[in-house]
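Below: one structure, written as structure tokens.
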Amino acid sequence: MSDNKFTFENPEFRRTYWHSCSHVLAQAVKRLYPEVKLAIGPAIDEGFYYDLDSPFSFTPDVLEKVEAEMKKICKEKLKIERFELPRAEALELMKDEPYKVELINDLPEGEAISFYKQGEFTDLCAGPHLDSTGRIKGNAVKLTSATGAYWRGDEHNKMLQRIYGIAFPKKDQLDAWLKEKEEAKKRDHNRLGRELEYFNTVDVIGQGLPILLPKGARVIQLLQRWVEDLEQEHGYLLTKTPLMAKRELYKLSGHWDHYLDGMFVLGDPEDYSKDCFALRPMTCPFQYQVYLNRARSYRDLPMRLGETSTLFRNEDSGEMHGLIRVRQFTISEGHLVLRPDQLEEEFKDCLDLAKYVLDTVGLLDKCTFRFSQWDPANPNNKYEGTAEQWEEAQRVMAQILDDLGVEYDIGIDEAAFYGPKLDIQYKNVYGKEDTLVTIQIDMLLAQRYGMVYTDKDGEKKTPYIIHRTSLGCYERTLAYLIETYAGALPTWMAPEQVRVLSITDRAADYAYEVANGLKKQGFRVEVDTSSNTLRYKIRAAQTEKVPYMIILGDKDMENHTVSVRCRSGEDLGAMSFEDFAARLKTEVDTKAR
RNA sequence: GCUUCUGUGGCUCAAUGGCAGAGCAUCUCACUCGUAAUGAGAAGGUUGUCAGUUCGAUUCUGACCAGAAGCUCCA
């Protein structure tokens, strides 16, 4: 095993290791609870799982027993052997495992049906695997959780129980991993964001409807102002369109057919004798009305429309998560109406803008790009348009992405109902990925709305549309900022940039004088002249992650100085008010991190 | 929506089928202090909500509401 191929740093070997762990997990479960039926058990990015159909639930003490049995199996050093069987014999071997039978029946004709055997346990599996359970370090295996998961990932199927686990070749690697997970949880925006009073939720308001407290609202306000100004520089025209509309608009847009479940409907959707309204889940159909305001010429294009747009989506109750997944959110929305020949340049500008914005707030480094495509085989009639139109839209987007040198993954069946998307993805502290920013090409909807322009040749032509965001949805972005910075937002976007602390009552007036001087220059400043001890006040400011503290006592009053300390603990010493203000201004202007 | 788990003052957590307790935070008073918890006192609760079982429920049961992780879905 000295060959480099077989080190844990090699992702392929790691997956093999974890895959074998999942077999050991299944073997342990079958030894302890023979009535449990096996589904599938792959390796994942971090560890492995096995899906099981069990009459009881895997509580922590059951997991403990399973884990102990796994350690035993590792110690037994069972040889892991591969063999193949013809279909009939394979079905006979697995006749007591209904999920395996289903898998075998779905294997294409002529494909080898392979099994792996370790001791008394045999599993249908393509492999590869380690050569022995003895290769797995038993005391560096940990079962982390048990949750529900649908058979074959389809919510119409039975819910099975999924046991997640992790394993390493060495015990201290496992300990380090577990510690890292604990540390990551401390950055969880859902905990930190509430603790630092950025947001809260209240039973009587309802799920997915967070209250932005003054600090959260302040950060979102300054991000919005900044993005709106940036978009103006990029030629966007700001619009303000209604938050709801009659059912007829959504019929025209296709939302009524494709998205009704996700909308909040006001009134009876079936009763056509009365008006029925719905809160908007997307801005598109509203903003198109701006374009439709009058006849457009090719000279009007590209028309770039931007809006800080509040949307409402009736998510399933289990979907909500802090500020990342909510039912009402505000997005840096925009639609570009353009001539086909402008598509690449405008798409590029959208991407440049999004990347600039994400880079400036400090999120770009950890973003990944996903080209979200339709699924030609999707049976649910989820997509508008013809196969030809989709192939064309995706060909164009692929071309643009290649020209721009964007590295991306492909997501099949991830497209919007009207077109393919470039999604910019970000992971939360638990490793769960969500879309931060999206840029979408739409060659279908303009026609539905009767959007046309008169071209040079006098012909009426249908424009293309780009749907895009620059910073995505502000609530979600705030959540990622809190997690990325562990609550210590960079000075330029910190809700409170400076806290002025007086050491004695004698310095109180001076403290307000200094604070007001900074406020006049546009900085966000709070004053603490309470009778608490200095140590206490510093601790409070640090706990609340205020970037700068100004500490004022008799010496500072005499010398007309301010004593400055950073939240990191670094002491900048005494300086003049002007020097500090200039330092702060530089930091904010350059949006230094 | 589904699986599993959780719900006691603003926060962190005790306790119990029979008067609900502590620390932090808050307020008052004292202290006026130079870098991670100054001292004393006060106030704060229909134990998420509604039913049921019981002489008696915060505790047991059910439904609902809300929160967490995962699944499914999505910005």
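Within each chain, counting starts at residue 1; across the structure tokens, chains are named A, B, ... in the order shown, with ligands numbered 1 upward in that order.
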Excluding same-chain residues fewer than 6 positions from stretch 17-27 of chain B, what lies within 9 Å of it counting only C-alpha atoms (C1' of nucleotides), as a CSV table (one decimal) with N, CA and C atoms (P, O5', C5', C4', C3', O3' and C1' of nucleotides), in the first residue's frame?
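Writing the result to result.csv gives the following:
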chain,number,residue,atom,x,y,z
B,8,U,P,-37.8,26.3,25.6
B,8,U,O5',-38.5,26.2,27.1
B,8,U,C5',-39.8,26.6,27.3
B,8,U,C4',-40.0,26.8,28.8
B,8,U,C3',-39.1,27.9,29.4
B,8,U,O3',-39.6,29.2,29.2
B,8,U,C1',-39.1,25.9,30.7
B,10,G,P,-39.0,36.5,27.7
B,10,G,O5',-37.7,36.7,26.9
B,10,G,C5',-37.7,37.1,25.5
B,10,G,C4',-36.3,37.4,25.1
B,10,G,C3',-35.3,36.3,25.2
B,10,G,O3',-35.3,35.5,24.0
B,10,G,C1',-34.4,38.2,26.3
B,11,C,P,-35.0,33.9,24.1
B,11,C,O5',-33.5,33.8,24.5
B,11,C,C5',-32.5,34.1,23.5
B,11,C,C4',-31.1,33.9,24.1
B,11,C,C3',-30.9,32.5,24.6
B,11,C,O3',-30.4,31.6,23.6
B,11,C,C1',-30.2,34.1,26.2
B,42,A,P,-33.7,41.5,46.5
B,42,A,O5',-34.4,42.3,45.4
B,42,A,C5',-35.3,43.4,45.7
B,42,A,C4',-35.8,44.1,44.5
B,42,A,C3',-36.6,43.2,43.5
B,42,A,O3',-37.9,43.2,43.9
B,42,A,C1',-34.9,44.4,42.3
B,43,A,P,-38.8,41.9,43.5
B,43,A,O5',-39.1,42.1,42.0
B,43,A,C5',-39.9,43.2,41.5
B,43,A,C4',-39.6,43.4,40.0
B,43,A,C3',-40.1,42.2,39.2
B,43,A,O3',-41.4,42.2,38.9
B,43,A,C1',-37.9,42.9,38.5
B,44,G,P,-42.2,40.8,38.7
B,44,G,O5',-41.6,40.1,37.4
B,44,G,C5',-41.9,40.8,36.1
B,44,G,C4',-41.0,40.2,35.1
B,44,G,C3',-41.2,38.7,34.8
B,44,G,O3',-42.3,38.6,33.8
B,44,G,C1',-38.9,39.2,35.0
B,45,G,P,-43.6,37.7,34.2
B,45,G,O5',-43.6,36.7,33.0
B,45,G,C5',-42.5,35.7,32.8
B,45,G,C4',-43.1,34.4,32.6
B,45,G,C3',-44.5,34.1,33.1
B,45,G,O3',-45.3,33.4,32.1
B,45,G,C1',-43.0,32.6,34.1
B,47,U,P,-47.2,27.7,32.5
B,47,U,O5',-46.1,28.2,31.4
B,47,U,C5',-45.9,27.6,30.2
B,47,U,C4',-44.5,27.1,29.9
B,47,U,C3',-44.4,25.8,29.2
B,47,U,O3',-43.3,25.8,28.3
B,47,U,C1',-43.2,25.7,31.3
B,54,U,P,-59.8,10.0,33.7
B,54,U,O5',-58.8,10.5,34.8
B,54,U,C5',-57.9,9.6,35.4
B,54,U,C4',-56.9,10.3,36.3
B,54,U,C3',-57.6,11.2,37.3
B,54,U,O3',-58.0,10.5,38.5
B,54,U,C1',-55.8,12.4,36.3
B,56,G,P,-58.7,16.2,38.2
B,56,G,O5',-57.3,16.8,38.6
B,56,G,C5',-57.3,18.2,39.1
B,56,G,C4',-55.9,18.5,39.7
B,56,G,C3',-54.8,18.4,38.6
B,56,G,O3',-54.7,19.6,37.8
B,56,G,C1',-54.1,17.3,40.6
B,57,A,P,-54.4,19.5,36.3
B,57,A,O5',-52.9,18.8,36.2
B,57,A,C5',-51.8,19.5,36.8
B,57,A,C4',-50.7,19.5,35.9
B,57,A,C3',-51.0,20.2,34.5
B,57,A,O3',-49.9,20.9,34.0
B,57,A,C1',-50.3,17.9,34.2
B,58,U,P,-50.0,22.4,33.6
B,58,U,O5',-48.5,22.7,33.1
B,58,U,C5',-48.2,22.8,31.7
B,58,U,C4',-46.8,22.4,31.6
B,58,U,C3',-46.6,20.9,31.7
B,58,U,O3',-46.9,20.2,30.5
B,58,U,C1',-44.9,22.0,33.0
B,59,U,P,-47.5,18.7,30.5
B,59,U,O5',-46.3,17.8,31.1
B,59,U,C5',-45.1,17.7,30.3
B,59,U,C4',-44.1,16.9,31.1
B,59,U,C3',-44.5,15.4,31.3
B,59,U,O3',-43.4,14.6,31.2
B,59,U,C1',-44.2,16.5,33.4
B,60,C,P,-43.3,13.7,29.8
B,60,C,O5',-44.6,12.8,29.9
B,60,C,C5',-44.6,11.5,30.4
B,60,C,C4',-45.9,10.8,30.2
B,60,C,C3',-46.5,11.0,28.8
B,60,C,O3',-46.0,10.2,27.8
B,60,C,C1',-48.2,11.3,30.4
Taking only C-alpha atoms (C1' of nucleotides) into account, what are the residues of chain A at most 9 Å from chain B, put as an NGL selection string? :A and (57-59 or 145-150 or 153-155 or 159-162 or 195 or 202-204 or 206-207 or 315-319 or 324-325 or 329 or 331 or 434-438 or 472-473 or 476 or 503-506 or 531-536 or 538-539 or 542 or 551 or 553 or 569)
Would you list, as JSON, numbers by chain, the residues of stretch 426-504 of chain A that end up in alpha helix (DSSP H) under DSSP run on this structure's backbone? {"A": [445, 446, 447, 448, 449, 474, 475, 476, 477, 478, 479, 480, 481, 482, 483, 484]}
Output N, CA and C atoms for every residue in that selection, as an mmCIF file, in the first residue's frame.
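File part12.cif, as written:
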data_model
loop_
_atom_site.group_PDB
_atom_site.id
_atom_site.type_symbol
_atom_site.label_atom_id
_atom_site.label_comp_id
_atom_site.auth_asym_id
_atom_site.auth_seq_id
_atom_site.Cartn_x
_atom_site.Cartn_y
_atom_site.Cartn_z
ATOM 1 N N LEU A 445 -39.858 33.732 -23.765
ATOM 2 C CA LEU A 445 -40.964 34.463 -23.166
ATOM 3 C C LEU A 445 -41.336 35.759 -23.882
ATOM 4 N N ALA A 446 -40.367 36.401 -24.530
ATOM 5 C CA ALA A 446 -40.667 37.683 -25.175
ATOM 6 C C ALA A 446 -41.853 37.538 -26.128
ATOM 7 N N GLN A 447 -41.851 36.423 -26.828
ATOM 8 C CA GLN A 447 -42.922 36.200 -27.801
ATOM 9 C C GLN A 447 -44.285 36.110 -27.109
ATOM 10 N N ARG A 448 -44.304 35.430 -25.974
ATOM 11 C CA ARG A 448 -45.560 35.276 -25.221
ATOM 12 C C ARG A 448 -46.166 36.622 -24.859
ATOM 13 N N TYR A 449 -45.292 37.569 -24.536
ATOM 14 C CA TYR A 449 -45.755 38.881 -24.073
ATOM 15 C C TYR A 449 -45.939 39.864 -25.223
ATOM 16 N N TYR A 474 -30.853 39.424 -0.979
ATOM 17 C CA TYR A 474 -30.088 40.085 0.085
ATOM 18 C C TYR A 474 -30.102 39.295 1.381
ATOM 19 N N GLU A 475 -31.225 38.663 1.697
ATOM 20 C CA GLU A 475 -31.299 37.874 2.931
ATOM 21 C C GLU A 475 -30.287 36.728 2.883
ATOM 22 N N ARG A 476 -30.280 36.021 1.773
ATOM 23 C CA ARG A 476 -29.371 34.885 1.642
ATOM 24 C C ARG A 476 -27.917 35.362 1.654
ATOM 25 N N THR A 477 -27.665 36.450 0.948
ATOM 26 C CA THR A 477 -26.300 36.979 0.923
ATOM 27 C C THR A 477 -25.849 37.372 2.322
ATOM 28 N N LEU A 478 -26.738 38.002 3.075
ATOM 29 C CA LEU A 478 -26.400 38.369 4.454
ATOM 30 C C LEU A 478 -26.053 37.119 5.266
ATOM 31 N N ALA A 479 -26.822 36.064 5.064
ATOM 32 C CA ALA A 479 -26.557 34.818 5.786
ATOM 33 C C ALA A 479 -25.143 34.320 5.482
ATOM 34 N N TYR A 480 -24.784 34.302 4.191
ATOM 35 C CA TYR A 480 -23.456 33.815 3.816
ATOM 36 C C TYR A 480 -22.356 34.743 4.325
ATOM 37 N N LEU A 481 -22.645 36.045 4.357
ATOM 38 C CA LEU A 481 -21.643 36.988 4.881
ATOM 39 C C LEU A 481 -21.395 36.710 6.360
ATOM 40 N N ILE A 482 -22.475 36.499 7.108
ATOM 41 C CA ILE A 482 -22.328 36.218 8.538
ATOM 42 C C ILE A 482 -21.504 34.952 8.733
ATOM 43 N N GLU A 483 -21.767 33.924 7.922
ATOM 44 C CA GLU A 483 -21.039 32.663 8.071
ATOM 45 C C GLU A 483 -19.587 32.810 7.638
ATOM 46 N N THR A 484 -19.380 33.488 6.522
ATOM 47 C CA THR A 484 -18.029 33.625 5.993
ATOM 48 C C THR A 484 -17.131 34.413 6.945
#
Hey, what's within 8 Å of stretch 210-222 of chain A if we count only C-alpha atoms (C1' of nucleotides) and toss same-chain stuff fewer than 2 positions away? As a ChimeraX atom specification, please? /A:197-202,207-208,224-226,322-323,326,474-475,478,493-496
Which of stretch 318-465 of chain A end up as strand (DSSP E or B) when DSSP is run on this backbone - answer as a ChimeraX atom specification? /A:321,325,328-338,368-373,409-412,416,419,421-427,433-442,453-454,460-461,464-465
Output C-alpha atoms for every residue in the selection just made, as a compact mmCIF listing (two decimals), in the first residue's frame.
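Everything below was put into result.txt:
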# COMPACT_ATOMS: atom_id res chain seq x y z
CA HIS A 321 -33.76 27.72 6.78
CA ARG A 325 -34.50 29.86 2.41
CA GLN A 328 -40.44 36.57 1.35
CA PHE A 329 -37.17 37.93 0.08
CA THR A 330 -35.67 40.85 -1.77
CA ILE A 331 -33.47 40.32 -4.75
CA SER A 332 -31.20 42.46 -6.92
CA GLU A 333 -33.37 41.61 -9.89
CA GLY A 334 -32.91 42.66 -13.47
CA HIS A 335 -33.95 41.90 -17.02
CA LEU A 336 -32.12 42.82 -20.17
CA VAL A 337 -34.05 42.99 -23.39
CA LEU A 338 -31.70 42.69 -26.31
CA THR A 368 -18.72 27.56 -7.95
CA PHE A 369 -20.46 27.89 -11.30
CA ARG A 370 -23.21 25.61 -12.53
CA PHE A 371 -24.67 25.49 -16.02
CA SER A 372 -28.27 24.49 -15.31
CA GLN A 373 -29.86 22.75 -18.26
CA ASP A 409 -20.48 21.90 -13.63
CA ILE A 410 -23.58 20.87 -15.53
CA GLY A 411 -26.88 20.48 -13.72
CA ILE A 412 -29.41 18.46 -15.67
CA ALA A 416 -35.87 27.58 -15.28
CA GLY A 419 -34.43 28.78 -20.26
CA LYS A 421 -29.19 29.26 -16.28
CA LEU A 422 -25.71 30.03 -15.11
CA ASP A 423 -26.00 29.61 -11.35
CA ILE A 424 -23.33 30.84 -9.00
CA GLN A 425 -23.40 28.50 -6.03
CA TYR A 426 -22.25 28.86 -2.44
CA LYS A 427 -22.05 26.39 0.43
CA GLU A 433 -25.15 24.36 -1.49
CA ASP A 434 -27.57 27.03 -2.65
CA THR A 435 -27.72 29.47 -5.54
CA LEU A 436 -26.43 32.93 -4.77
CA VAL A 437 -26.60 34.54 -8.19
CA THR A 438 -28.23 33.43 -11.41
CA ILE A 439 -27.96 34.62 -15.01
CA GLN A 440 -30.46 33.12 -17.42
CA ILE A 441 -30.95 33.21 -21.15
CA ASP A 442 -34.54 33.33 -22.28
CA TYR A 453 -38.62 45.79 -31.65
CA THR A 454 -38.38 47.34 -35.07
CA LYS A 460 -40.65 43.60 -36.30
CA LYS A 461 -38.43 41.17 -34.44
CA TYR A 464 -33.92 37.85 -26.37
CA ILE A 465 -34.09 38.34 -22.65
Excluding A:Ala43 and residues on its chain fewer than 3 positions from it, collect all residues at most 9 Å away from it, counting only C-alpha atoms (C1' of nucleotides), and give them as a list in words. Arg14, Arg15, Thr16, Tyr17, Trp18, His19, Ser20, Cys21, Ser22, Glu46, Gly47, Phe48, Tyr49 and Tyr50 of chain A
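Those residues that approach B:U61 to within 12 Å, counting only C-alpha atoms (C1' of nucleotides), are A51, G52, U53 and U54 of chain B; same-chain residues fewer than 6 positions away are not listed.
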